[in-house]
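J.: I'd like to ask you about the structure that follows.
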Amino acid sequence: MTRIRRGYIARRRRTKIRLFASTFRGAHSRLTRTTTQQKMRALVSAHRDRGRQKRHFRRLWITRINAGIRENKVSYIYSRLIHDLYKRQLLLNRKILAQIAISNRNCLYMISNEIIK
């Protein structure tokens, strides 16, 4: 009997996994089984950390807004400012407010004074 060559599907799957893991160190980029395990681990970490990243940035924005308010000696705390913003229907989210607090502190002071009136 003549030798039968195998198909290309499994080789194509392994090549795709190996390309994904090509930047990993050591056996994690060379051996098929560990490469597959590391790919699954990397994808799980990426999925988990997308949610964490959103949480971390929200915490950072809140901290920056709070620091900007307290530095300007405004008679406000963060929660009262956000509450009054929603009450006044001003469409400024925390990301924009944090950028204003960093780059243009006078503008944040003006916004908070407008809300007080």
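Letters A, B, ... go to the chains of the structure tokens in the order shown; residues in each chain start at 1; ligands are counted from 1 in the same order.
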Give me the residues near A:Thr34 as an MDAnalysis selection string, where near means some atom within 12 Å (using only C-alpha atoms) and where sequence neighbours in that chain fewer than 6 positions away do not count.

T.: chainID A and resid 14 17:18 21 24:28 40:42

J.: Could you give me, as a PDB file with N, CA, C and O atoms, in the first residue's frame, the residues within 8 Å of A:Ala98, counting only C-alpha atoms and dropping anything in the same chain fewer than 5 positions from it?

T.:
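To be explicit, this is the file written out as selection_16.pdb:
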ATOM      1  N   TRP A  61     -11.344  58.644  36.724  1.00  0.00           N
ATOM      2  CA  TRP A  61     -12.082  59.866  36.394  1.00  0.00           C
ATOM      3  C   TRP A  61     -12.730  60.464  37.637  1.00  0.00           C
ATOM      4  O   TRP A  61     -12.685  61.681  37.845  1.00  0.00           O
ATOM      5  N   ILE A  62     -13.312  59.608  38.476  1.00  0.00           N
ATOM      6  CA  ILE A  62     -13.964  60.103  39.697  1.00  0.00           C
ATOM      7  C   ILE A  62     -12.946  60.757  40.617  1.00  0.00           C
ATOM      8  O   ILE A  62     -13.197  61.833  41.183  1.00  0.00           O
ATOM      9  N   ARG A  64     -10.116  62.188  39.744  1.00  0.00           N
ATOM     10  CA  ARG A  64      -9.673  63.455  39.151  1.00  0.00           C
ATOM     11  C   ARG A  64     -10.726  64.549  39.332  1.00  0.00           C
ATOM     12  O   ARG A  64     -10.383  65.708  39.634  1.00  0.00           O
ATOM     13  N   ILE A  65     -11.975  64.208  39.137  1.00  0.00           N
ATOM     14  CA  ILE A  65     -13.044  65.196  39.317  1.00  0.00           C
ATOM     15  C   ILE A  65     -13.086  65.660  40.764  1.00  0.00           C
ATOM     16  O   ILE A  65     -13.166  66.869  41.049  1.00  0.00           O
TER      17      ILE A  65
END

J.: Taking the backbone alone, and naming residues the way the document does, which bits of chain A are alpha helix (DSSP H) by DSSP, as a PyMOL selection string?

T.: chain A and resi 9-20+32-71+78-88+94-103+105-116

J.: Which value, in Å to one decimal, gives the distance between atom CA of A:Asn106 and atom CA of A:Ala67?

T.: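 Spanning atom CA of A:Asn106 to atom CA of A:Ala67 is a straight-line distance of 13.6 Å.
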
J.: Nearest to A:Lys87: which of A:Arg12, A:Gly68, A:Arg33, A:Ile116 is it, counting only C-alpha atoms?

T.: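 Nearest to A:Lys87: A:Ile116.
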
J.: Work out how far atom CA of A:Lys95 is from atom CA of A:Phe57, in Å to one decimal.

T.: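 Atom-to-atom, atom CA of A:Phe57 to atom CA of A:Lys95, that is 8.5 Å.
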